[in-house]
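Right, one structure below, let's go through it.
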Amino acid sequence: MNSLKRKAAPEDTADQPRKRLAPIPESKQPLQDSKIATNLALPKRTGPPLLTRPRAPELTIPRRTTRATSAPPIRPPSAGGRPIAGPSRPTAAAKRPIAGRVASGSAAASKPNGPFDFQFQALQDQVSSIETARAKDAARLAADMESERAKVAELQSNHMALSRELATAKSQEINQRRELGIASDEIEQLKRRHLNTIADMEMDMNRKDRKIRELEEELRNCQGDLDRERGAVATLKATVSHQSTAHITFTTQISALQAQITALQSALDISSGQKTQHEYDLEAAHKRIAELKEETLQGETLRRKLHNMVQELKGNIRVFCRVRPLLPSDLTPGSMSKSSSSGSGFSTPEPEDENKLKEIAKADIAYPDKLDHREIVVNSSSESAMGSERKDEWAFSFDKVFEPDSTQAEVFEEVSQLAQSCTDGYNVCVFAYGQTGSGKSFTMEGGSTDSTAGMIPRAVEQVFRVAEEMKAKGWDYTLEGQMLEIYNETINDLLGKGEFDKKKHEIKHDKTGRTTVTDVNVIPLSSSHQVRTLLSLAQSRRTVAATLMNERSSRSHSVFTLRIRGTNRMTGETCEGSLNLVDLAGSERLEKSGAGNDKDRLRETQSINRSLSALGDVIAALGEKGEGKGDKHIPYRNSKLTYLLQNSLSGNSKTLMVLNLSPLASHLNESLCSLRFATKVNNTTIGTAKKQGRAATA
Ligand SMILES: Nc1ncnc2c1ncn2[C@@H]1O[C@H](COP(=O)(O)OP(=O)(O)OP(=O)(O)O)[C@@H](O)[C@H]1O
C-alpha cells in the first residue's frame with residue numbers, strides 16, 4: 001500500500017496541469033486556450049506596413065503522454081519496478097502452494113497439514129487482504145476513471161471549442177495570408193515603383209552632376225576671364241594713372257614750349273633779319289672754298305714737284321745695306337765647318353754653349369754711325385805667312401744701313417717714298433742684291449704675316465692706299481701687274497701657264513719710255529690682297545734649284561712690275577709710272593757655289609754672274625754718263641736683266657738697291673765682294689729722273 005501511495009504521488013504532481021486542462025489522447029491532442037490564443041494571435045500593426053513578407057504563424061501543441069485511466073497500471077514483467085502488492089517478496093514455496101491449491105483444494109481443507117496449513121492460512125489471509133485492497137483500488141480507480149472521464153468530456157468540449165477557435169484562426173490566418181499576399185504584391189509594386197523612381201532620380205542626379213561639372217568648368221573659365229580682365233583693368237588703371245601724370249607733364253611742357261615758341265618767334269624775327277646778312281656771308285665763303293680748292297690742287301702739284309726734288313737730291317740711285325740676323329740653322333756643324341774653311345782664317349774652338357757658338361759663327365761687323373745709320377765696318381783677322389796676326393778693317397757708307405734687328409716696317413719706311421713717286425708718274429726700280437741666303441727674298445717678298453711682309457706687298461698696298469687718297473684730289477688710277485723670271489737668260493712668265501723655257505718672250509721699249517714683254521700675262525689689279533695671291537702663285541712656279549749654299553737658293557732673277565696710270569678729272573692731267581721690284585739671284589762666286597762639277601749648276605752660276613756683272617757695267621756706264629760723258633754707250637743689251645730694267649735704270653727713273661749681307665764669318669769674303677759692288681753703285685749718279693706725263697707737265 002505504501003508503494004502504491006508513493007507511486008500515486010508523482011502522478012498527482014504530474015496531474016497538476018490537468019486541473020487547468022485535462023490531458024487528451026495523443027490522436028486527439030487538444031490545444032490549450034492560452035497557447036492557441038498566443039500562437040494564433042496576429043501581430044498588431046502599430047506602424048506602417050512592413051516591406052518583408054511576414055512568416056505564417058506556427059501552431060505548437062505540447063505533447064503529453066498520458067496513462068490509461070480505465071485500469072490500474074500493470075507493470076510488465078520485464079520492468080525493474082517493485083511488485084504491485086505484498087509486504088515482501090513471495091518465496092518459491094509460497095507460490096507453489098497456490099498452484100497446488102487450485103488443483104487439490106478440498107484435500108487440504110479437510111486435512112490440516114500442520115505448519116503448511118498455517119502457512120496456507122496466512123497466504124489466504126494475504127490473498128484476501130490483497131483482494132480487498134484490490135477492490136478498494138478498483139473502486140478508487142473507478143472513481144478516478146469517472147473523474148477522468150468527466151475531465152475527458154470537459155477536455156473534449158474544450159477541444160471542440162478549441163477546434164472551432166482553430167478553424168476560425170485558420171480562416172483568419174488564410175484571410176490574413178491573403179491580405180499579406182495582397183500587401184506583398186503591393187509592396188512589390190511599391191518596390192518596383194520605388195526602384196524606377198530611384199533609377200530616374202539617379203539618372204536625374206547624373207544629369208545634374210554633369211550639369212554641375214559643366215557649370216563649374218564654366219565658372220572656372222569665367223573666373224580666369226575675370227582674373228585676366230582684372231589684370232587688364234589694373235594695367236589700364238596704371239596706364240591711365242601714368243598717362244594722366246604724363247598728360248600733366250606734357251601740359252606743363254606744352255606751356256613751356258609755347259612760351260619758348262613765343263620767345264623763338266621773336267628770335268626768329270630777329271634772325272630773319274640776320275639771315276640776309278648770312279646769305280651774303282655764305283656766298284662769300286663758297287667763293288673762298290673754291291679758291292682754296294684751287295690752291296690745294298696747286299699745292300698738290302707743288303708737293304709732287306718738291307717730293308721729287310727731294311728724291312733727286314737724295315740721288316736717283318740709292319743703296320741700302322741690310323744685314324740679316326743670325327739664324328738657328330747658321331749654328332749647325334755644317335755652317336761651322338764652312339766657317340773654318342773660309343778665307344778669313346777664322347779658327348773654330350770647341351763650342352761650349354750657344355752664345356759661344358754665335359760668337360764663333362758671327363762675322364765681326366760694326367755699325368759706328370748710331371745717328372744716321374749710314375756706315376758699316378767689317379773687321380777680319382788672319383794669320384800671315386810669317387805666322388803673325390793680320391787685322392783688316394773695311395768701312396763702307398750707304399744711304400742707309402739696317403742692322404740685323406731691323407724690322408721689315410723700318411726698311412719699308414725708307415722705300416715708301418719711292419713707291420709714292422711711282423704714283424706721281426715715275427719709274428721706280430728696287431732690287432735686292434746679295435749672295436745666296438743673305439735675305440733677298442725675305443726683304444722683297446717676306447713672310448706670310450703682316451709683320452714679316454716684305455717690300456713688294458707693302459709697296460703695292462701703299463700704291464693702292466695712295467691711289468684711293470688721290471681720288472679726293474681728282475685722280476683715278478688703273479693698276480696692272482706682271483711677274484717674270486729670268487733663268488739662264490731666258491724669260492719665263494710666272495703668272496702664265498707654267499710653260500717654262502718653251503715660249504720665247506721678247507723685251508720691247510717704246511719711245512714713251514714704256515717697256516713691254518711679249519706674250520706675258522698682265523693682270524689688272526683691283527686690290528692689294530689680289531697682288532698677294534699673285535705673288536704666292538708666282539712663288540710656287542719659280543724655279544728653285546738646290547745648291548750647296550742654300551737649299552732654298554733661288555737660281556733666277558724675279559721681276560715684279562706694277563704699272564700705274566692716272567688721270568685727273570679736275571685738271572685733265574695724266575701720268576704713268578711703274579714700280580719694278582727685283583729679287584736677284586745669288587751673287588756668290590763660282591767656286592763658292594759648289595757648282596764646279598755640275599754642268600747645269602755651272603751654267604746657272606755663270607749666267608747669274610754674267611747678268612749681275614752686266615748690271616754693274618750698266619750702272620757704272622750710267623755713272624760715267626752722269627758725270628758729263630753724254631755720248632757714253634750704256635750696255636743694256638748685255639743681259640736680259642739690264643735690258644728689261646733699261647727704263648728703270650736710266651736717267652728717267654729712280655733706283656734703289658738693297659744690299660743683303662749674311663752675318664756669318666764664313667761668308668765674309670762674299671759679303672766684302674757685295675759691299676764693293678754696292679759701293680760702286682752707290683757712288684754712281686744717274687742724271688735726273690723725269691716724270692712720264694702725257695697731257696700735262698709737272
Ligand atoms: N731680316 C731677317 N730676319 C729674319 N730672318 C731672315 C732675315 N733675312 C733673311 N732671313 C732668313 O734667312 C733665310 C735666307 O733668306 P732668303 O731666302 O731671303 O735668302 P736669299 O738671299 O733670298 O736666298 P736665295 O738667293 O737663295 O733666294 C731665310 O730662312 C729667311 O727667312
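Residue names in the C-alpha cells use chain letters A, B, ... in the order shown, residue numbers from 1 in each chain, and ligand numbers from 1 in the order shown.
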Expected answer as a count of residues only: residues within 7 Å of ligand 1, only C-alpha atoms and all ligand atoms: 23
Contacts of Asp399 in chain A within 10 Å, only C-alpha atoms, excl. fewer than 5 positions in-chain, as JSON, numbers by chain: {"A": [314, 315, 317, 318, 319, 320, 321, 372, 373, 374, 375, 414, 656, 682]}
Atoms kept (N, CA and C atoms) for selection, written as an mmCIF file, in the first residue's frame:
data_model
loop_
_atom_site.group_PDB
_atom_site.id
_atom_site.type_symbol
_atom_site.label_atom_id
_atom_site.label_comp_id
_atom_site.auth_asym_id
_atom_site.auth_seq_id
_atom_site.Cartn_x
_atom_site.Cartn_y
_atom_site.Cartn_z
ATOM 1 N N LYS A 314 118.397 113.344 -103.109
ATOM 2 C CA LYS A 314 118.917 112.147 -102.453
ATOM 3 C C LYS A 314 119.688 111.285 -103.442
ATOM 4 N N GLY A 315 119.507 111.531 -104.707
ATOM 5 C CA GLY A 315 120.168 110.736 -105.734
ATOM 6 C C GLY A 315 119.200 109.756 -106.319
ATOM 7 N N ILE A 317 119.855 107.050 -107.752
ATOM 8 C CA ILE A 317 120.199 105.665 -107.429
ATOM 9 C C ILE A 317 120.728 105.651 -106.000
ATOM 10 N N ARG A 318 120.025 104.854 -105.217
ATOM 11 C CA ARG A 318 120.402 104.786 -103.803
ATOM 12 C C ARG A 318 120.668 103.345 -103.410
ATOM 13 N N VAL A 319 121.484 103.226 -102.389
ATOM 14 C CA VAL A 319 121.818 101.873 -101.926
ATOM 15 C C VAL A 319 121.561 101.773 -100.421
ATOM 16 N N PHE A 320 120.782 100.742 -100.081
ATOM 17 C CA PHE A 320 120.599 100.402 -98.665
ATOM 18 C C PHE A 320 121.345 99.103 -98.408
ATOM 19 N N CYS A 321 121.886 99.011 -97.215
ATOM 20 C CA CYS A 321 122.571 97.767 -96.849
ATOM 21 C C CYS A 321 121.826 97.145 -95.676
ATOM 22 N N ASP A 372 122.781 108.524 -88.003
ATOM 23 C CA ASP A 372 122.154 108.442 -89.336
ATOM 24 C C ASP A 372 122.088 107.023 -89.880
ATOM 25 N N HIS A 373 122.756 106.114 -89.221
ATOM 26 C CA HIS A 373 122.789 104.702 -89.650
ATOM 27 C C HIS A 373 123.201 104.599 -91.114
ATOM 28 N N ARG A 374 124.375 105.088 -91.422
ATOM 29 C CA ARG A 374 124.851 105.079 -92.807
ATOM 30 C C ARG A 374 126.125 104.257 -92.979
ATOM 31 N N GLU A 375 126.767 103.870 -91.882
ATOM 32 C CA GLU A 375 128.074 103.217 -92.001
ATOM 33 C C GLU A 375 128.045 101.769 -91.538
ATOM 34 N N GLU A 414 111.740 103.643 -95.514
ATOM 35 C CA GLU A 414 112.669 104.322 -96.430
ATOM 36 C C GLU A 414 112.283 104.097 -97.883
ATOM 37 N N LEU A 656 116.662 101.895 -106.419
ATOM 38 C CA LEU A 656 117.127 101.581 -105.064
ATOM 39 C C LEU A 656 117.674 100.163 -105.074
ATOM 40 N N ASN A 682 126.558 102.835 -105.443
ATOM 41 C CA ASN A 682 126.183 103.983 -104.602
ATOM 42 C C ASN A 682 126.901 105.258 -105.025
#
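Going from CA of Ala621 in chain A over to CA of Ile634 in chain A, you cover 5.6 Å.
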Neighbour list for Gln462 in chain A as a list in words, cut-off 12 Å, only C-alpha atoms, skip fewer than 5 positions in-chain: Phe412, Glu413, Val415, Ser416, Gln417, Leu418, Ala419, Gln420, Ser421, Cys422, Thr423, Met455, Ile456, Pro457, Ala467, Glu468, Glu469, Met470, Ser527, Ser528 and Leu579 of chain A
Output file for the residues above (N, CA and C atoms, as a tab-separated table (two decimals), in the first residue's frame):
chain	number	residue	atom	x	y	z
A	412	PHE	N	110.87	99.40	-94.96
A	412	PHE	CA	109.90	99.93	-95.93
A	412	PHE	C	109.69	101.44	-95.77
A	413	GLU	N	109.85	101.93	-94.55
A	413	GLU	CA	109.67	103.36	-94.33
A	413	GLU	C	110.56	104.16	-95.28
A	415	VAL	N	111.68	102.91	-98.14
A	415	VAL	CA	111.33	102.56	-99.53
A	415	VAL	C	110.04	103.27	-99.94
A	416	SER	N	109.19	103.55	-98.96
A	416	SER	CA	107.83	104.02	-99.26
A	416	SER	C	107.81	105.31	-100.07
A	417	GLN	N	108.85	106.17	-99.88
A	417	GLN	CA	108.88	107.43	-100.62
A	417	GLN	C	109.01	107.18	-102.12
A	418	LEU	N	109.73	106.09	-102.45
A	418	LEU	CA	109.88	105.73	-103.86
A	418	LEU	C	108.55	105.23	-104.42
A	419	ALA	N	107.85	104.46	-103.60
A	419	ALA	CA	106.55	103.95	-104.04
A	419	ALA	C	105.60	105.12	-104.30
A	420	GLN	N	105.70	106.16	-103.47
A	420	GLN	CA	104.89	107.37	-103.65
A	420	GLN	C	105.22	108.01	-105.00
A	421	SER	N	106.54	108.06	-105.36
A	421	SER	CA	106.97	108.63	-106.64
A	421	SER	C	106.34	107.92	-107.81
A	422	CYS	N	106.16	106.64	-107.66
A	422	CYS	CA	105.58	105.82	-108.72
A	422	CYS	C	104.17	106.30	-109.06
A	423	THR	N	103.38	106.67	-108.00
A	423	THR	CA	102.03	107.18	-108.26
A	423	THR	C	102.09	108.60	-108.85
A	455	MET	N	108.91	94.02	-99.04
A	455	MET	CA	108.75	95.30	-99.73
A	455	MET	C	107.68	95.24	-100.81
A	456	ILE	N	107.60	94.11	-101.53
A	456	ILE	CA	106.63	94.05	-102.64
A	456	ILE	C	105.19	94.22	-102.12
A	457	PRO	N	104.72	93.37	-101.17
A	457	PRO	CA	103.33	93.58	-100.72
A	457	PRO	C	103.11	94.93	-100.05
A	467	ALA	N	96.50	105.70	-104.16
A	467	ALA	CA	95.54	105.85	-105.28
A	467	ALA	C	94.16	106.19	-104.73
A	468	GLU	N	93.79	105.57	-103.63
A	468	GLU	CA	92.49	105.82	-103.01
A	468	GLU	C	92.42	107.24	-102.45
A	469	GLU	N	93.54	107.66	-101.81
A	469	GLU	CA	93.57	109.02	-101.25
A	469	GLU	C	93.53	110.08	-102.36
A	470	MET	N	94.20	109.77	-103.47
A	470	MET	CA	94.28	110.74	-104.57
A	470	MET	C	92.95	110.93	-105.29
A	527	SER	N	92.98	95.07	-105.98
A	527	SER	CA	93.22	95.16	-104.52
A	527	SER	C	94.60	94.61	-104.20
A	528	SER	N	95.11	95.06	-103.07
A	528	SER	CA	96.44	94.59	-102.65
A	528	SER	C	96.37	93.10	-102.29
A	579	LEU	N	106.53	100.42	-111.11
A	579	LEU	CA	107.32	100.03	-109.94
A	579	LEU	C	107.86	98.63	-110.22
Sel. of helix (DSSP H, G or I) residues, range 150-386 of chain A, as a PyMOL selection string: chain A and resi 150-314+328-331+333-340+354-361
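Of the listed residues (A:Arg532, A:Arg390, A:Lys136, A:Arg164), A:Arg532 comes nearest to Thr449 in chain A; the distances count only C-alpha atoms.
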